[in-house]
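Engineer: My file is upload03.txt. It has compact mmCIF, C-alpha atoms:
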```
# COMPACT_ATOMS: atom_id res chain seq x y z
CA MET S 209 105.96 95.32 116.25
CA PRO S 210 105.51 97.78 113.46
CA THR S 211 103.68 97.98 110.18
CA TYR S 212 105.38 99.39 107.12
CA VAL S 213 103.54 100.31 103.94
CA VAL S 214 105.72 100.63 100.85
CA ALA S 215 104.10 102.48 97.96
CA ALA S 216 105.57 102.62 94.47
CA ALA S 217 104.34 102.68 90.90
CA GLU S 218 102.74 99.45 89.72
CA GLY S 219 105.45 97.32 88.14
CA ARG S 220 108.33 99.23 89.77
CA LEU S 221 109.11 96.47 92.29
CA ASP S 222 109.07 92.83 91.23
CA ALA S 223 108.53 89.89 93.60
CA GLN S 224 112.22 89.52 94.35
CA LEU S 225 112.67 93.21 95.11
CA LYS S 226 109.59 93.27 97.33
CA ARG S 227 110.94 90.38 99.30
CA ALA S 228 114.38 91.98 99.63
CA ILE S 229 112.92 95.30 100.76
CA ALA S 230 110.50 93.63 103.20
CA SER S 231 113.33 91.61 104.63
CA GLY S 232 115.66 94.62 104.81
CA ILE S 233 113.11 96.86 106.54
CA THR S 234 112.28 94.08 108.99
CA GLN S 235 115.95 93.67 109.85
CA ALA S 236 116.52 97.43 110.05
CA HIS S 237 113.62 97.77 112.46
CA SER S 238 114.89 94.93 114.57
CA GLU S 239 118.44 96.29 114.73
CA ALA S 240 117.46 99.91 115.37
CA THR S 241 114.93 99.14 118.07
CA GLY S 242 115.97 95.76 119.46
CA ALA S 243 112.49 94.36 118.75
CA GLN S 244 112.26 90.80 117.50
CA ALA S 245 112.27 90.59 113.74
CA PHE S 246 109.23 88.35 113.59
CA PHE S 247 106.87 91.14 114.55
CA ALA S 248 107.24 93.40 111.53
CA GLN S 249 104.45 93.51 108.95
CA VAL S 250 105.21 94.97 105.51
CA ILE S 251 102.48 95.72 102.97
CA PHE S 252 103.21 96.87 99.43
CA GLN S 253 100.88 99.23 97.58
CA ASP S 254 101.13 99.34 93.82
CA ILE S 255 100.17 102.84 92.70
CA ALA S 256 98.22 102.71 89.44
CA ALA S 257 99.29 104.93 86.56
CA GLY S 258 97.68 108.35 86.86
CA ASN S 259 97.30 108.18 90.64
CA HIS S 260 100.56 109.76 91.77
CA PHE S 261 101.44 113.45 91.78
CA LEU S 262 104.40 115.49 92.97
CA ALA S 263 104.31 119.28 93.14
CA GLY S 264 100.89 119.19 91.50
CA GLN S 265 102.22 117.36 88.44
CA PRO S 266 101.92 113.70 87.44
CA MET S 267 104.90 111.87 88.95
CA ALA S 268 107.57 111.83 86.27
CA SER S 269 110.44 110.39 88.27
CA ASP S 270 111.12 107.25 90.22
CA HIS S 271 109.55 107.42 93.70
CA ILE S 272 109.36 104.95 96.58
CA PHE S 273 107.44 105.94 99.69
CA VAL S 274 107.75 103.99 102.95
CA HIS S 275 105.36 104.73 105.77
CA GLY S 276 105.99 103.00 109.08
CA GLU S 277 103.84 102.87 112.18
CA ILE S 278 105.95 101.99 115.16
CA ARG S 279 105.48 101.86 118.91
CA ALA S 280 106.09 105.16 120.65
CA GLY S 281 108.91 105.16 123.17
CA ARG S 282 111.99 104.93 120.95
CA THR S 283 114.78 107.46 121.41
CA SER S 284 115.50 110.10 118.77
CA GLY S 285 118.72 108.25 118.03
CA GLN S 286 116.90 104.99 117.38
CA LYS S 287 114.41 106.68 115.08
CA GLN S 288 117.19 108.51 113.26
CA ARG S 289 119.10 105.26 112.69
CA LEU S 290 115.92 103.56 111.54
CA LEU S 291 115.18 106.27 108.96
CA GLU S 292 118.74 106.18 107.66
CA ARG S 293 118.79 102.40 107.41
CA ILE S 294 115.50 102.30 105.52
CA VAL S 295 116.71 104.89 103.01
CA THR S 296 119.89 102.87 102.50
CA ILE S 297 117.98 99.63 102.00
CA VAL S 298 115.63 101.13 99.43
CA VAL S 299 118.47 102.88 97.59
CA ASP S 300 120.55 99.69 97.49
CA GLU S 301 117.81 97.25 96.61
CA ALA S 302 115.80 99.36 94.18
CA ARG S 303 118.93 101.02 92.75
CA THR S 304 117.61 104.53 92.82
CA PRO S 305 119.15 107.82 93.97
CA SER S 306 118.16 108.67 97.55
CA ARG S 307 116.26 111.75 96.34
CA HIS S 308 113.52 109.40 95.11
CA VAL S 309 113.03 107.87 98.56
CA TRP S 310 110.52 109.19 101.10
CA VAL S 311 110.07 107.67 104.56
CA TYR S 312 107.61 108.67 107.28
CA LEU S 313 107.53 107.19 110.79
CA SER S 314 104.31 107.54 112.79
CA GLU S 315 104.29 106.62 116.45
CA LEU S 316 101.47 104.85 118.25
CA SER S 317 101.07 104.14 121.92
CA PRO S 318 101.57 100.38 122.44
CA SER S 319 98.30 100.42 124.38
CA GLN S 320 96.55 101.27 121.09
CA MET S 321 98.10 98.44 119.11
CA VAL S 322 96.91 94.85 118.98
CA GLU S 323 99.11 92.29 117.25
CA PHE S 324 98.58 88.54 117.24
CA GLY S 325 95.27 89.34 118.95
CA ARG S 326 96.83 91.02 121.97
CA VAL S 327 97.60 94.56 123.10
CA LEU S 328 101.33 95.25 122.68
CA PRO S 329 103.75 95.72 125.57
CA GLU S 330 105.78 98.86 126.15
CA PRO S 331 109.24 98.73 124.53
CA GLY S 332 111.44 96.60 126.78
CA ARG S 333 108.56 94.45 128.11
CA GLU S 334 108.50 92.06 125.15
CA ALA S 335 109.78 89.06 127.14
CA GLN S 336 106.92 89.17 129.66
CA TRP S 337 104.46 89.66 126.83
CA LEU S 338 105.73 86.57 125.06
CA GLU S 339 105.73 84.53 128.27
CA SER S 340 102.03 85.19 128.77
CA MET S 341 101.09 83.84 125.33
CA SER S 342 99.37 80.51 124.82
CA ALA S 343 101.50 77.55 123.76
CA GLU S 344 99.75 77.51 120.41
CA ASP S 345 100.40 81.20 119.75
CA LEU S 346 104.05 80.76 120.73
CA ARG S 347 104.44 77.87 118.31
CA PHE S 348 103.03 80.12 115.60
CA LEU S 349 105.54 82.87 116.44
CA ASP S 350 108.43 80.42 116.65
CA ALA S 351 107.59 79.11 113.20
CA LEU S 352 107.78 82.68 111.84
CA GLY S 353 111.15 83.49 113.37
CA MET A 108 83.35 109.87 113.65
CA PRO A 109 86.16 107.53 112.84
CA THR A 110 87.60 105.89 109.78
CA TYR A 111 88.59 102.24 109.84
CA VAL A 112 90.64 100.58 107.14
CA VAL A 113 90.45 96.79 107.06
CA ALA A 114 93.23 95.10 105.09
CA ALA A 115 93.24 91.41 104.21
CA ALA A 116 94.34 89.20 101.35
CA GLU A 117 92.33 89.60 98.17
CA GLY A 118 89.50 87.08 98.25
CA ARG A 119 89.73 86.51 102.02
CA LEU A 120 86.56 88.49 102.81
CA ASP A 121 83.49 88.15 100.61
CA ALA A 122 80.75 90.78 100.30
CA GLN A 123 78.73 89.34 103.17
CA LEU A 124 81.73 89.21 105.50
CA LYS A 125 82.78 92.74 104.62
CA ARG A 126 79.31 93.98 105.44
CA ALA A 127 79.22 92.06 108.73
CA ILE A 128 82.66 93.36 109.77
CA ALA A 129 81.84 96.94 108.75
CA SER A 130 78.61 96.78 110.67
CA GLY A 131 80.28 95.17 113.69
CA ILE A 132 83.10 97.72 113.85
CA THR A 133 80.62 100.57 113.47
CA GLN A 134 78.55 99.23 116.36
CA ALA A 135 81.64 98.55 118.49
CA HIS A 136 82.82 102.11 117.96
CA SER A 137 79.44 103.50 118.84
CA GLU A 138 79.12 101.41 121.99
CA ALA A 139 82.68 101.97 123.22
CA THR A 140 82.67 105.71 122.63
CA GLY A 141 79.02 106.72 122.73
CA ALA A 142 79.34 108.31 119.28
CA GLN A 143 76.47 107.94 116.86
CA ALA A 144 76.88 104.91 114.62
CA PHE A 145 76.13 106.83 111.45
CA PHE A 146 79.49 108.55 111.53
CA ALA A 147 81.78 105.57 111.06
CA GLN A 148 83.46 105.07 107.69
CA VAL A 149 84.95 101.65 106.91
CA ILE A 150 87.16 101.04 103.87
CA PHE A 151 88.40 97.58 102.87
CA GLN A 152 91.77 97.10 101.21
CA ASP A 153 92.31 93.87 99.30
CA ILE A 154 96.01 93.03 99.50
CA ALA A 155 97.19 91.52 96.24
CA ALA A 156 99.15 88.26 96.30
CA GLY A 157 102.84 88.95 96.82
CA ASN A 158 102.30 92.26 98.63
CA HIS A 159 102.14 91.09 102.24
CA PHE A 160 105.07 90.09 104.44
CA LEU A 161 105.45 89.09 108.08
CA ALA A 162 108.85 88.74 109.75
CA GLY A 163 110.46 89.39 106.37
CA GLN A 164 108.70 86.39 104.78
CA PRO A 165 105.70 86.26 102.43
CA MET A 166 102.58 86.05 104.60
CA ALA A 167 101.81 82.36 104.95
CA SER A 168 98.99 82.55 107.48
CA ASP A 169 95.62 84.19 107.70
CA HIS A 170 95.93 87.86 108.63
CA ILE A 171 93.38 90.65 109.07
CA PHE A 172 94.63 94.13 109.90
CA VAL A 173 92.28 96.86 111.12
CA HIS A 174 93.55 100.42 111.35
CA GLY A 175 91.26 102.98 112.94
CA GLU A 176 91.60 106.73 113.12
CA ILE A 177 89.47 108.10 115.91
CA ARG A 178 89.01 111.41 117.63
CA ALA A 179 91.45 112.03 120.47
CA GLY A 180 89.86 112.46 123.88
CA ARG A 181 88.68 108.93 124.71
CA THR A 182 89.68 107.37 128.00
CA SER A 183 92.11 104.44 128.14
CA GLY A 184 89.18 102.27 129.21
CA GLN A 185 87.14 103.25 126.15
CA LYS A 186 90.05 102.55 123.82
CA GLN A 187 90.78 99.24 125.53
CA ARG A 188 87.14 98.14 125.15
CA LEU A 189 87.14 99.26 121.54
CA LEU A 190 90.26 97.21 120.73
CA GLU A 191 88.84 94.13 122.45
CA ARG A 192 85.48 94.45 120.71
CA ILE A 193 87.09 94.79 117.30
CA VAL A 194 89.25 91.70 117.83
CA THR A 195 86.16 89.75 118.90
CA ILE A 196 84.16 90.90 115.89
CA VAL A 197 86.87 89.93 113.42
CA VAL A 198 87.49 86.58 115.13
CA ASP A 199 83.78 85.76 115.17
CA GLU A 200 82.90 86.96 111.69
CA ALA A 201 86.01 85.83 109.82
CA ARG A 202 86.34 82.65 111.92
CA THR A 203 90.03 82.98 112.54
CA PRO A 204 92.14 82.58 115.70
CA SER A 205 92.80 85.92 117.39
CA ARG A 206 96.54 85.60 116.69
CA HIS A 207 95.80 86.49 113.07
CA VAL A 208 94.13 89.77 114.01
CA TRP A 209 96.01 93.06 114.27
CA VAL A 210 94.34 96.35 115.25
CA TYR A 211 95.89 99.81 115.51
CA LEU A 212 94.08 102.91 116.79
CA SER A 213 95.47 106.32 115.81
CA GLU A 214 94.12 109.43 117.45
CA LEU A 215 93.49 112.74 115.74
CA SER A 216 92.50 116.05 117.23
CA PRO A 217 88.85 116.70 116.25
CA SER A 218 89.99 120.14 115.07
CA GLN A 219 91.98 118.35 112.35
CA MET A 220 89.10 116.24 111.09
CA VAL A 221 86.41 117.30 108.65
CA GLU A 222 83.43 115.00 108.11
CA PHE A 223 80.33 115.83 106.12
CA GLY A 224 82.19 118.98 105.09
CA ARG A 225 82.59 120.32 108.62
CA VAL A 226 85.26 120.28 111.33
CA LEU A 227 84.33 117.72 114.02
CA PRO A 228 83.30 118.63 117.54
CA GLU A 229 85.13 117.51 120.67
CA PRO A 230 83.79 114.23 122.10
CA GLY A 231 80.61 115.08 124.02
CA ARG A 232 79.73 118.10 121.83
CA GLU A 233 78.07 116.07 119.06
CA ALA A 234 74.55 117.36 119.80
CA GLN A 235 75.48 121.02 119.28
CA TRP A 236 77.41 120.07 116.15
CA LEU A 237 74.37 118.34 114.71
CA GLU A 238 72.07 121.22 115.64
CA SER A 239 74.16 123.63 113.63
CA MET A 240 73.85 121.58 110.43
CA SER A 241 71.69 122.61 107.50
CA ALA A 242 68.31 120.94 107.12
CA GLU A 243 69.52 119.23 103.97
CA ASP A 244 72.63 117.82 105.65
CA LEU A 245 70.54 116.60 108.56
CA ARG A 246 68.15 114.80 106.24
CA PHE A 247 71.15 113.10 104.68
CA LEU A 248 72.42 111.98 108.10
CA ASP A 249 68.97 110.85 109.18
CA ALA A 250 68.66 108.70 106.08
CA LEU A 251 71.97 107.01 106.98
CA GLY A 252 70.98 106.22 110.54
CA MET U 27 106.35 118.66 102.59
CA PRO U 28 103.22 116.67 103.07
CA THR U 29 101.59 113.61 101.64
CA TYR U 30 97.89 113.61 100.80
CA VAL U 31 95.94 110.46 100.00
CA VAL U 32 92.65 111.04 98.19
CA ALA U 33 90.25 108.10 98.30
CA ALA U 34 87.08 107.88 96.22
CA ALA U 35 85.06 105.24 94.42
CA GLU U 36 86.74 103.74 91.39
CA GLY U 37 85.69 105.77 88.36
CA ARG U 38 84.55 108.77 90.40
CA LEU U 39 87.52 110.95 89.47
CA ASP U 40 88.87 110.96 85.92
CA ALA U 41 92.42 111.90 84.96
CA GLN U 42 91.59 115.57 84.54
CA LEU U 43 89.86 115.77 87.91
CA LYS U 44 92.68 113.99 89.67
CA ARG U 45 95.14 116.44 88.23
CA ALA U 46 92.99 119.43 89.21
CA ILE U 47 92.53 118.14 92.77
CA ALA U 48 96.22 117.27 93.15
CA SER U 49 97.17 120.70 91.90
CA GLY U 50 94.59 122.42 94.09
CA ILE U 51 95.63 120.59 97.27
CA THR U 52 99.28 121.29 96.53
CA GLN U 53 98.55 124.99 96.14
CA ALA U 54 96.32 125.06 99.22
CA HIS U 55 99.05 123.46 101.28
CA SER U 56 101.61 125.91 100.01
CA GLU U 57 99.44 128.95 100.66
CA ALA U 58 98.23 127.84 104.11
CA THR U 59 101.65 126.83 105.38
CA GLY U 60 104.11 128.84 103.32
CA ALA U 61 105.88 125.64 102.24
CA GLN U 62 107.15 125.38 98.69
CA ALA U 63 104.60 123.79 96.40
CA PHE U 64 107.06 121.35 94.93
CA PHE U 65 107.17 119.25 98.08
CA ALA U 66 103.60 117.97 98.15
CA GLN U 67 102.93 114.36 97.20
CA VAL U 68 99.35 113.37 96.32
CA ILE U 69 98.31 109.72 95.90
CA PHE U 70 94.85 108.70 94.71
CA GLN U 71 93.22 105.49 95.93
CA ASP U 72 90.39 104.10 93.85
CA ILE U 73 88.03 102.27 96.19
CA ALA U 74 86.65 99.14 94.52
CA ALA U 75 82.90 98.55 94.55
CA GLY U 76 81.87 96.78 97.73
CA ASN U 77 84.78 98.09 99.78
CA HIS U 78 83.28 101.27 101.22
CA PHE U 79 80.82 101.53 104.09
CA LEU U 80 79.22 104.39 105.98
CA ALA U 81 77.23 103.87 109.17
CA GLY U 82 77.60 100.12 108.67
CA GLN U 83 75.91 100.24 105.24
CA PRO U 84 77.43 100.07 101.77
CA MET U 85 78.24 103.63 100.69
CA ALA U 86 75.24 104.87 98.75
CA SER U 87 76.24 108.51 98.30
CA ASP U 88 79.11 110.37 96.77
CA HIS U 89 82.11 110.44 99.09
CA ILE U 90 85.62 111.86 98.74
CA PHE U 91 88.08 111.33 101.58
CA VAL U 92 91.34 113.29 101.81
CA HIS U 93 93.92 112.25 104.36
CA GLY U 94 96.96 114.49 104.76
CA GLU U 95 100.13 113.92 106.72
CA ILE U 96 101.84 117.19 107.38
CA ARG U 97 104.76 118.40 109.47
CA ALA U 98 103.83 119.24 113.03
CA GLY U 99 104.40 122.84 114.05
CA ARG U 100 101.64 124.67 112.17
CA THR U 101 99.34 127.00 114.06
CA SER U 102 95.66 126.15 114.58
CA GLY U 103 94.82 128.97 112.20
CA GLN U 104 97.01 127.51 109.46
CA LYS U 105 95.49 124.06 109.87
CA GLN U 106 91.98 125.50 109.91
CA ARG U 107 92.61 127.40 106.69
CA LEU U 108 94.14 124.33 105.12
CA LEU U 109 91.10 122.18 105.96
CA GLU U 110 88.71 124.81 104.61
CA ARG U 111 90.68 125.27 101.42
CA ILE U 112 90.82 121.54 100.75
CA VAL U 113 87.05 121.17 101.25
CA THR U 114 86.47 124.07 98.84
CA ILE U 115 88.79 122.59 96.23
CA VAL U 116 87.13 119.19 96.33
CA VAL U 117 83.62 120.70 96.28
CA ASP U 118 84.48 122.95 93.35
CA GLU U 119 86.43 120.45 91.27
CA ALA U 120 84.36 117.32 91.90
CA ARG U 121 81.07 119.27 91.97
CA THR U 122 79.71 117.64 95.05
CA PRO U 123 77.99 119.06 98.16
CA SER U 124 80.44 119.59 101.00
CA ARG U 125 78.65 116.93 103.10
CA HIS U 126 80.30 114.31 100.91
CA VAL U 127 83.80 115.56 101.69
CA TRP U 128 85.91 114.24 104.58
CA VAL U 129 89.40 115.54 105.37
CA TYR U 130 91.79 114.37 108.09
CA LEU U 131 95.14 116.02 108.89
CA SER U 132 97.71 113.96 110.76
CA GLU U 133 100.82 115.62 112.11
CA LEU U 134 104.30 114.14 112.11
CA SER U 135 107.45 115.46 113.68
CA PRO U 136 109.74 116.65 110.84
CA SER U 137 112.48 114.57 112.46
CA GLN U 138 110.44 111.48 111.53
CA MET U 139 109.98 112.38 107.88
CA VAL U 140 112.43 111.78 105.08
CA GLU U 141 111.74 113.35 101.70
CA PHE U 142 114.09 113.38 98.73
CA GLY U 143 116.25 111.05 100.83
CA ARG U 144 116.76 113.52 103.68
CA VAL U 145 115.20 114.19 107.08
CA LEU U 146 112.92 117.23 106.85
CA PRO U 147 113.66 120.58 108.53
CA GLU U 148 111.40 122.20 111.10
CA PRO U 149 108.85 124.61 109.55
CA GLY U 150 110.71 127.83 108.79
CA ARG U 151 114.10 126.15 108.21
CA GLU U 152 113.41 125.14 104.62
CA ALA U 153 115.94 127.56 103.12
CA GLN U 154 118.89 126.08 105.06
CA TRP U 155 117.68 122.59 104.22
CA LEU U 156 117.64 123.39 100.53
CA GLU U 157 121.06 125.05 100.68
CA SER U 158 122.62 121.87 102.04
CA MET U 159 121.38 119.76 99.11
CA SER U 160 123.65 118.47 96.40
CA ALA U 161 123.66 120.31 93.09
CA GLU U 162 122.08 117.30 91.40
CA ASP U 163 119.25 117.11 93.93
CA LEU U 164 118.63 120.84 93.58
CA ARG U 165 118.38 120.53 89.82
CA PHE U 166 115.81 117.81 90.32
CA LEU U 167 113.76 120.02 92.65
CA ASP U 168 114.08 123.02 90.35
CA ALA U 169 112.74 120.97 87.46
CA LEU U 170 109.69 120.07 89.56
CA GLY U 171 108.88 123.62 90.57
```
As structure tokens - that is how I would like this structure written.
Structural biologist:
Amino acid sequence: MPTYVVAAAEGRLDAQLKRAIASGITQAHSEATGAQAFFAQVIFQDIAAGNHFLAGQPMASDHIFVHGEIRAGRTSGQKQRLLERIVTIVVDEARTPSRHVWVYLSELSPSQMVEFGRVLPEPGREAQWLESMSAEDLRFLDALG
Amino acid sequence: MPTYVVAAAEGRLDAQLKRAIASGITQAHSEATGAQAFFAQVIFQDIAAGNHFLAGQPMASDHIFVHGEIRAGRTSGQKQRLLERIVTIVVDEARTPSRHVWVYLSELSPSQMVEFGRVLPEPGREAQWLESMSAEDLRFLDALG
Amino acid sequence: MPTYVVAAAEGRLDAQLKRAIASGITQAHSEATGAQAFFAQVIFQDIAAGNHFLAGQPMASDHIFVHGEIRAGRTSGQKQRLLERIVTIVVDEARTPSRHVWVYLSELSPSQMVEFGRVLPEPGREAQWLESMSAEDLRFLDALG
């Protein structure tokens, strides 16, 4: 039940790479947190030439920046694993040294997150949350997963 | 005194819809928190085709994602009402089932937010904050409201 | 070790201004926090016409919005100075009254931030963090600074 924004220079990631990274992050999130894969949203941002700076200078190197917003309540170990997995996925898929990969994880209280029109459950209460969904909403989720 | 970013597929929201949603969110924020309407900033992000994924797959359904950053210090009840109102506004204006609406609310300490060039007051101290503004700044705010 | 996103109307900031603002924010961050300048990332977002609203109305004034994500652990005084410096930089470079400048600072635990492929150190532990880098990564950082 997270949202990940992946920002890189326009043209850096083609359709196939975007799909592989979206899929990899979704799986990493699911494995590290135990949350169902079908909840992750990934949005790519193509940074236009001239809009990216590092150390006050125009970005002259490769650079891929992943910013996740996840439910608060994960352990440090889970978050650590998640960060490591995301770095590995980006490095492997985009074939770039890890020094060009940045990842931030922000935490939000589940009570301040609405997904599929409904306030999210605390981590571990996903089953009850799903049970209380309408048949139509459940069919929609099933079709995703 | 919040900022809301509304992300949807390019072409999903026309000018009229954007205006209606911006106006609705602004009013919802004002009603739920008691803050003056003229402080809300709403920015739309048009997500280009190929940049949006759900459950590791290209987004195949309607999807509207609202991300607000509000001052910390609201009660759970206020935040709950705000979330519900925003879902209702998006559902009504964009004519979409609520399962396609996501809303996140992040909280920031007012001491870490500058608007109109000045650090924000704690919730409830807006009047004093306004009183200490220059005549020119106040005229600007009045013209907005 | 922060990321700053600077959002303004498309066409508002030309290449020279973007560079001056990126450089100014980077320096401000370094001076206010003591962090090395070469760690700051600045991304500009050009807001398309029709996508920006204030008080429920289409934005009719100048408006520059800076959103920083910095490591948690700074003092109130450091954050205050940082906010003031950023407002001054934007006012001076973009030649706009301060009432058109908004700045938000979000804080993230360093343990939830990866830069240059590695989890960030707590404020004050930068030297050890740098020492543990590979020679190749250090050369990359040196070339930036």
Engineer: What are the residues of chain S that have an atom within 7 Å of an atom of chain U, counting all atoms listed in the file, as a PDB file with C-alpha atoms, keeping the file's coordinate frame?
Structural biologist:
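Result saved to result34.pdb:
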```pdb
ATOM      1  CA  GLY S 258      97.680 108.350  86.860  1.00  0.00           C
ATOM      2  CA  ASN S 259      97.300 108.180  90.640  1.00  0.00           C
ATOM      3  CA  HIS S 260     100.560 109.760  91.770  1.00  0.00           C
ATOM      4  CA  PHE S 261     101.440 113.450  91.780  1.00  0.00           C
ATOM      5  CA  LEU S 262     104.400 115.490  92.970  1.00  0.00           C
ATOM      6  CA  ALA S 263     104.310 119.280  93.140  1.00  0.00           C
ATOM      7  CA  GLY S 264     100.890 119.190  91.500  1.00  0.00           C
ATOM      8  CA  GLN S 265     102.220 117.360  88.440  1.00  0.00           C
ATOM      9  CA  VAL S 295     116.710 104.890 103.010  1.00  0.00           C
ATOM     10  CA  SER S 306     118.160 108.670  97.550  1.00  0.00           C
ATOM     11  CA  ARG S 307     116.260 111.750  96.340  1.00  0.00           C
ATOM     12  CA  HIS S 308     113.520 109.400  95.110  1.00  0.00           C
ATOM     13  CA  VAL S 309     113.030 107.870  98.560  1.00  0.00           C
ATOM     14  CA  TRP S 310     110.520 109.190 101.100  1.00  0.00           C
ATOM     15  CA  VAL S 311     110.070 107.670 104.560  1.00  0.00           C
ATOM     16  CA  TYR S 312     107.610 108.670 107.280  1.00  0.00           C
ATOM     17  CA  LEU S 313     107.530 107.190 110.790  1.00  0.00           C
ATOM     18  CA  SER S 314     104.310 107.540 112.790  1.00  0.00           C
TER      19      SER S 314
END
```
Engineer: Rounded to one decimal place, report the CA of Ala116 in chain A-CA of Ala75 in chain U distance in Å.
Structural biologist: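 Computed distance, CA of Ala116 in chain A to CA of Ala75 in chain U, equals 16.3 Å.
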Engineer: Between A:Gln185, A:Leu237, A:Thr203, A:Ala114, which one has atoms that come closest to Glu138 in chain A, using all atoms listed in the file?
Structural biologist: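 Looking at the shortest contact to Glu138 in chain A, the residue is A:Gln185.
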Engineer: Please, what distance in Å, to one decimal, runs between CA of Glu117 in chain A and CA of His271 in chain S?
Structural biologist: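 Taking CA of Glu117 in chain A and CA of His271 in chain S, their separation equals 25.2 Å.
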Engineer: Record the distance separating CA of Val299 in chain S and CA of Asp270 in chain S, expressed in Å with one decimal.
Structural biologist: 11.3 Å
Engineer: With 6 Å on each side, where is the centre of the axis-aligned box around all listed atoms of range 28-37 of chain U, and how long are its edges in Å to one decimal, as JSON?
Structural biologist:
```
{"center_x": 94.1, "center_y": 110.2, "center_z": 95.7, "size_x": 30.2, "size_y": 24.9, "size_z": 26.7}
```
